[in-house]
$ cat start-v9.pdb   # PDB, C-alpha atoms
ATOM      1  CA  MET F 245      19.525  -7.918   5.027
ATOM      2  CA  ARG F 246      23.221  -8.739   5.212
ATOM      3  CA  THR F 247      25.027  -6.873   7.972
ATOM      4  CA  ASN F 248      27.977  -9.105   8.828
ATOM      5  CA  THR F 249      30.464  -7.926   6.232
ATOM      6  CA  GLY F 250      33.733  -8.988   7.831
ATOM      7  CA  PRO F 251      35.725 -12.067   6.750
ATOM      8  CA  PRO F 252      34.373 -15.200   8.491
ATOM      9  CA  ASP F 253      37.774 -16.165   9.922
ATOM     10  CA  ARG F 254      38.494 -12.797  11.530
ATOM     11  CA  LYS F 255      38.205 -12.591  15.323
ATOM     12  CA  ARG F 256      35.662 -10.300  16.926
ATOM     13  CA  PRO F 257      36.877  -6.726  16.317
ATOM     14  CA  SER F 258      38.031  -4.627  19.257
ATOM     15  CA  PHE F 259      36.522  -1.262  20.131
ATOM     16  CA  ILE F 260      39.349   0.487  18.295
ATOM     17  CA  GLU F 261      38.841  -1.682  15.206
ATOM     18  CA  ARG F 262      35.096  -1.010  15.220
ATOM     19  CA  ALA F 263      35.765   2.714  15.528
ATOM     20  CA  ARG F 264      38.211   2.566  12.610
ATOM     21  CA  ARG F 265      35.723   0.676  10.447
ATOM     22  CA  ALA F 266      33.027   3.217  11.282
ATOM     23  CA  GLN F 267      35.436   6.021  10.330
ATOM     24  CA  ILE F 268      36.110   4.363   6.969
ATOM     25  CA  VAL F 269      32.407   3.815   6.272
ATOM     26  CA  GLU F 270      31.644   7.447   7.125
ATOM     27  CA  ALA F 271      34.433   8.638   4.824
ATOM     28  CA  ALA F 272      33.213   6.360   2.029
ATOM     29  CA  ALA F 273      29.693   7.790   2.309
ATOM     30  CA  ALA F 274      31.076  11.323   2.036
ATOM     31  CA  VAL F 275      33.145  10.402  -1.030
ATOM     32  CA  VAL F 276      30.231   8.729  -2.829
ATOM     33  CA  ALA F 277      28.021  11.729  -2.058
ATOM     34  CA  GLU F 278      30.657  14.090  -3.465
ATOM     35  CA  VAL F 279      31.985  12.294  -6.561
ATOM     36  CA  GLY F 280      29.549   9.439  -7.196
ATOM     37  CA  TYR F 281      29.739   5.668  -7.105
ATOM     38  CA  ALA F 282      31.884   5.242 -10.210
ATOM     39  CA  HIS F 283      34.594   7.636  -9.035
ATOM     40  CA  THR F 284      34.843   6.363  -5.471
ATOM     41  CA  SER F 285      38.183   4.645  -4.831
ATOM     42  CA  PHE F 286      40.320   3.444  -1.938
ATOM     43  CA  ALA F 287      42.592   6.417  -2.537
ATOM     44  CA  ARG F 288      39.756   8.929  -2.218
ATOM     45  CA  ILE F 289      38.285   7.178   0.833
ATOM     46  CA  ALA F 290      41.721   7.094   2.503
ATOM     47  CA  GLU F 291      42.268  10.773   1.765
ATOM     48  CA  LYS F 292      38.855  11.695   3.164
ATOM     49  CA  ALA F 293      39.469   9.625   6.324
ATOM     50  CA  GLY F 294      43.034  10.901   6.733
ATOM     51  CA  ILE F 295      44.519   7.407   6.718
ATOM     52  CA  SER F 296      46.564   5.228   4.376
ATOM     53  CA  LYS F 297      45.059   2.769   1.899
ATOM     54  CA  SER F 298      46.732  -0.073   3.792
ATOM     55  CA  VAL F 299      44.589   0.728   6.824
ATOM     56  CA  ILE F 300      41.479   0.289   4.699
ATOM     57  CA  THR F 301      42.634  -3.023   3.234
ATOM     58  CA  TYR F 302      43.351  -4.285   6.747
ATOM     59  CA  HIS F 303      39.721  -3.735   7.752
ATOM     60  CA  PHE F 304      37.917  -4.434   4.467
ATOM     61  CA  SER F 305      38.391  -6.948   1.668
ATOM     62  CA  GLY F 306      37.521  -4.431  -1.044
ATOM     63  CA  LYS F 307      35.522  -1.400  -2.106
ATOM     64  CA  ASP F 308      32.484  -3.614  -2.699
ATOM     65  CA  GLU F 309      32.343  -4.548   0.983
ATOM     66  CA  ILE F 310      32.642  -0.947   2.150
ATOM     67  CA  LEU F 311      30.013   0.464  -0.173
ATOM     68  CA  ARG F 312      27.527  -2.291   0.568
ATOM     69  CA  LEU F 313      27.973  -1.572   4.267
ATOM     70  CA  VAL F 314      27.416   2.156   3.657
ATOM     71  CA  ALA F 315      24.042   1.397   2.086
ATOM     72  CA  THR F 316      22.822  -1.396   4.357
ATOM     73  CA  GLN F 317      23.925   0.311   7.559
ATOM     74  CA  PHE F 318      22.139   3.543   6.676
ATOM     75  CA  PHE F 319      19.063   1.660   5.490
ATOM     76  CA  GLY F 320      19.009  -0.163   8.835
ATOM     77  CA  GLN F 321      19.345   3.066  10.792
ATOM     78  CA  GLY F 322      16.506   4.569   8.801
ATOM     79  CA  TRP F 323      14.237   1.612   9.471
ATOM     80  CA  GLN F 324      15.025   1.738  13.191
ATOM     81  CA  TYR F 325      13.930   5.386  13.213
ATOM     82  CA  MET F 326      10.782   4.615  11.224
ATOM     83  CA  GLU F 327       9.664   1.437  12.988
ATOM     84  CA  ALA F 328       8.785   2.995  16.351
ATOM     85  CA  ARG F 329       6.859   5.806  14.672
ATOM     86  CA  ILE F 330       4.890   3.381  12.513
ATOM     87  CA  ALA F 331       4.090   1.109  15.467
ATOM     88  CA  ALA F 332       2.830   4.088  17.501
ATOM     89  CA  GLN F 333      -0.095   4.550  15.086
ATOM     90  CA  GLU F 334      -3.268   2.551  15.700
ATOM     91  CA  THR F 335      -4.818   2.782  12.215
ATOM     92  CA  ALA F 336      -3.546   1.529   8.870
ATOM     93  CA  ALA F 337      -3.847   5.004   7.361
ATOM     94  CA  GLY F 338      -1.870   6.416  10.272
ATOM     95  CA  GLN F 339       0.829   3.803   9.818
ATOM     96  CA  VAL F 340       1.115   4.531   6.100
ATOM     97  CA  ARG F 341       1.463   8.241   6.849
ATOM     98  CA  ALA F 342       4.031   7.550   9.577
ATOM     99  CA  TRP F 343       5.990   5.294   7.202
ATOM    100  CA  ILE F 344       6.337   7.939   4.487
ATOM    101  CA  GLU F 345       6.686  10.934   6.791
ATOM    102  CA  SER F 346       9.357   9.352   8.999
ATOM    103  CA  GLU F 347      11.274   7.978   5.998
ATOM    104  CA  LEU F 348      11.485  11.372   4.318
ATOM    105  CA  ASP F 349      12.181  13.060   7.646
ATOM    106  CA  PHE F 350      15.094  10.725   8.429
ATOM    107  CA  PHE F 351      16.646  10.980   4.983
ATOM    108  CA  GLY F 352      16.178  14.733   5.012
ATOM    109  CA  ALA F 353      18.173  14.969   8.243
ATOM    110  CA  HIS F 354      21.037  12.895   6.797
ATOM    111  CA  ARG F 355      21.595  14.258   3.307
ATOM    112  CA  THR F 356      25.173  13.032   2.798
ATOM    113  CA  GLU F 357      24.370   9.470   3.817
ATOM    114  CA  PHE F 358      21.188   9.492   1.739
ATOM    115  CA  LEU F 359      23.013  10.669  -1.389
ATOM    116  CA  ALA F 360      25.579   7.913  -0.899
ATOM    117  CA  MET F 361      22.955   5.194  -0.334
ATOM    118  CA  ARG F 362      20.958   6.390  -3.335
ATOM    119  CA  ASP F 363      23.973   6.229  -5.651
ATOM    120  CA  ILE F 364      25.130   2.866  -4.352
ATOM    121  CA  MET F 365      21.691   1.266  -4.622
ATOM    122  CA  ALA F 366      21.283   2.576  -8.170
ATOM    123  CA  ASN F 367      24.671   1.311  -9.378
ATOM    124  CA  HIS F 368      25.787  -1.628  -7.255
ATOM    125  CA  ARG F 369      25.452  -4.999  -8.988
ATOM    126  CA  SER F 370      25.669  -8.602  -7.811
ATOM    127  CA  GLU F 371      28.117 -11.015  -9.386
ATOM    128  CA  ASP F 372      25.495 -12.115 -11.928
ATOM    129  CA  GLY F 373      24.981  -8.502 -13.046
ATOM    130  CA  SER F 374      21.616  -8.026 -11.344
ATOM    131  CA  TYR F 375      20.916  -5.045  -9.107
ATOM    132  CA  ALA F 376      22.139  -5.858  -5.620
ATOM    133  CA  TYR F 377      19.221  -4.442  -3.622
ATOM    134  CA  THR F 378      16.219  -5.883  -5.436
ATOM    135  CA  ASP F 379      15.254  -8.099  -2.486
ATOM    136  CA  GLU F 380      15.460  -5.241   0.025
ATOM    137  CA  LEU F 381      13.248  -3.034  -2.111
ATOM    138  CA  ALA F 382      10.731  -5.857  -2.597
ATOM    139  CA  GLU F 383      10.611  -6.360   1.181
ATOM    140  CA  GLU F 384       9.773  -2.686   1.608
ATOM    141  CA  VAL F 385       6.883  -2.942  -0.851
ATOM    142  CA  ASP F 386       5.622  -6.112   0.851
ATOM    143  CA  GLY F 387       5.735  -4.456   4.280
ATOM    144  CA  LEU F 388       3.712  -1.448   3.191
ATOM    145  CA  ALA F 389       1.298  -3.682   1.261
ATOM    146  CA  GLU F 390       0.596  -5.669   4.441
ATOM    147  CA  ILE F 391      -0.471  -2.490   6.220
ATOM    148  CA  LEU F 392      -2.726  -1.470   3.331
ATOM    149  CA  ALA F 393      -4.295  -4.935   3.111
ATOM    150  CA  ARG F 394      -5.012  -4.932   6.837
ATOM    151  CA  GLY F 395      -6.681  -1.545   6.512
ATOM    152  CA  GLN F 396      -8.891  -2.965   3.774
ATOM    153  CA  ARG F 397      -9.832  -6.004   5.853
ATOM    154  CA  ASP F 398     -10.764  -3.712   8.741
ATOM    155  CA  GLY F 399     -12.989  -1.648   6.464
ATOM    156  CA  GLU F 400     -10.814   1.431   6.948
ATOM    157  CA  LEU F 401      -9.470   1.715   3.402
ATOM    158  CA  ARG F 402     -11.209   1.399   0.052
ATOM    159  CA  PRO F 403     -10.663  -1.596  -2.272
ATOM    160  CA  PHE F 404      -7.520  -1.533  -4.472
ATOM    161  CA  ASP F 405      -4.509  -3.672  -5.359
ATOM    162  CA  ALA F 406      -2.609  -3.342  -2.082
ATOM    163  CA  ARG F 407       0.805  -4.327  -3.447
ATOM    164  CA  GLY F 408       0.452  -2.211  -6.565
ATOM    165  CA  VAL F 409      -0.561   0.831  -4.538
ATOM    166  CA  ALA F 410       2.250   0.204  -2.038
ATOM    167  CA  ASP F 411       4.721   0.193  -4.924
ATOM    168  CA  ILE F 412       3.276   3.434  -6.323
ATOM    169  CA  ILE F 413       3.375   5.159  -2.917
ATOM    170  CA  LEU F 414       7.007   4.242  -2.401
ATOM    171  CA  ARG F 415       7.904   5.349  -5.926
ATOM    172  CA  CYS F 416       6.207   8.683  -5.263
ATOM    173  CA  ALA F 417       8.266   9.068  -2.088
ATOM    174  CA  SER F 418      11.398   8.206  -4.081
ATOM    175  CA  GLY F 419      10.419  10.848  -6.626
ATOM    176  CA  VAL F 420      10.171  13.506  -3.926
ATOM    177  CA  LEU F 421      13.562  12.458  -2.568
ATOM    178  CA  GLU F 422      15.054  12.468  -6.067
ATOM    179  CA  SER F 423      13.938  16.069  -6.604
ATOM    180  CA  TRP F 424      15.503  17.023  -3.278
ATOM    181  CA  ALA F 425      18.697  15.124  -4.113
ATOM    182  CA  MET F 426      19.053  17.030  -7.373
ATOM    183  CA  ASP F 427      18.179  20.389  -5.809
ATOM    184  CA  PRO F 428      18.895  20.851  -2.079
ATOM    185  CA  GLY F 429      16.725  23.979  -2.190
ATOM    186  CA  THR F 430      13.643  21.806  -2.667
ATOM    187  CA  ASP F 431      11.178  22.212   0.202
ATOM    188  CA  LEU F 432      11.266  18.599   1.358
ATOM    189  CA  LYS F 433       8.877  19.123   4.272
ATOM    190  CA  GLY F 434       6.431  20.956   2.018
ATOM    191  CA  GLN F 435       6.596  18.242  -0.611
ATOM    192  CA  THR F 436       6.140  15.605   2.086
ATOM    193  CA  ALA F 437       2.920  17.301   3.218
ATOM    194  CA  VAL F 438       1.632  17.369  -0.372
ATOM    195  CA  LEU F 439       2.461  13.680  -0.819
ATOM    196  CA  LEU F 440       0.748  12.695   2.431
ATOM    197  CA  ASP F 441      -2.405  14.568   1.383
ATOM    198  CA  PHE F 442      -2.303  12.754  -1.970
ATOM    199  CA  ILE F 443      -1.953   9.390  -0.241
ATOM    200  CA  ASP F 444      -4.845  10.117   2.140
ATOM    201  CA  HIS F 445      -7.135  10.771  -0.816
ATOM    202  CA  ALA F 446      -5.830   7.787  -2.781
ATOM    203  CA  ILE F 447      -6.376   5.106  -0.135
ATOM    204  CA  GLY F 448      -9.168   6.450   2.073
ATOM    205  CA  LYS F 449     -12.800   5.486   1.704
ATOM    206  CA  ASP F 450     -15.084   7.982   0.007
ATOM    207  CA  PRO F 451     -17.091   9.945   2.583
ATOM    208  CA  ALA F 452     -20.623   8.650   2.934
TER
END
$ encode --input "start-v9.pdb" --output "structure tokens"
Amino acid sequence: MRTNTGPPDRKRPSFIERARRAQIVEAAAAVVAEVGYAHTSFARIAEKAGISKSVITYHFSGKDEILRLVATQFFGQGWQYMEARIAAQETAAGQVRAWIESELDFFGAHRTEFLAMRDIMANHRSEDGSYAYTDELAEEVDGLAEILARGQRDGELRPFDARGVADIILRCASGVLESWAMDPGTDLKGQTAVLLDFIDHAIGKDPA
């Protein structure tokens, strides 16, 4: 995943420059969450951050760079939160549960950033017109599929198409998050519990 978004010829940023960039990214996330990807502009980001547009252009080459950083930075923070919780589980089923539960838990605790990432990932395109985050999403499916396949090899999980089921599980989690994004009154923790119960029954071996 690309994280180095600064121009290649720029010297290493100082603490103050890093703080200013973080302020701009935070403001951009808030703007996207409020008005959507299409209506996010330098002017709105500058107003939200309480700075001039020239300050933004000093630190970033364009809106594209800022919004990509909003999404990738938050995605990286989410994975850092999830990874330790997944690794703490000894079984494949436990790791699958930890993956989904920690993902929804992290996003639920950071609604503004999640709404921004969601809108950016749905609308951001590469230069050739393709969706910009296809590779990242495929990596997520592959990672979950590896856990499921290992559980099958160990005799813990029943036979099924590991990658297909991984894709379905992640789409179900996205569906729960989408409902919560549209209606903040949605009981995200309650829906998470329902989804985890569904997953347990879908991947576990039938009792003897």
$ closest_residue --input "start-v9.pdb" --among "F:Ile443, F:Ala273, F:Ala266, F:Ala406" --to "His354 of chain F" --atoms "all atoms listed in the file"
F:Ala273
$ resolve_selection --input "start-v9.pdb" --expression "the PyMOL selection byres ((chain F and resi 342) around 8)" --output "JSON, numbers by chain"
{"F": [326, 329, 330, 333, 338, 339, 340, 341, 343, 344, 345, 346]}
$ residues_around --input "start-v9.pdb" --residues "Phe351 of chain F" --least-positions-apart "6" --cutoff "8 Å" --atoms "all atoms listed in the file" --output "VMD selection string"
chain F and resid 322 357 to 358
$ closest_residue --input "start-v9.pdb" --among "F:Asp349, F:Ala282, F:Leu388, F:Ala274" --to "Thr436 of chain F" --atoms "all atoms listed in the file"
F:Asp349
$ atom_distance --input "start-v9.pdb" --atom1 "atom CA of Glu390 of chain F" --atom2 "atom CA of Ala315 of chain F"
24.6 Å
$ atom_distance --input "start-v9.pdb" --atom1 "atom CA of Gly448 of chain F" --atom2 "atom CA of Arg402 of chain F"
5.8 Å
$ resolve_selection --input "start-v9.pdb" --expression "the PyMOL selection byres ((chain F and resi 286) around 8)" --output "PyMOL selection string"
chain F and resi 284-285+287-290+297+300+307
$ resolve_selection --input "start-v9.pdb" --expression "the PyMOL selection byres ((chain F and resi 368-377) around 10)" --output "ChimeraX atom specification"
/F:245,281-282,308,311-312,315-316,363-367,378-382
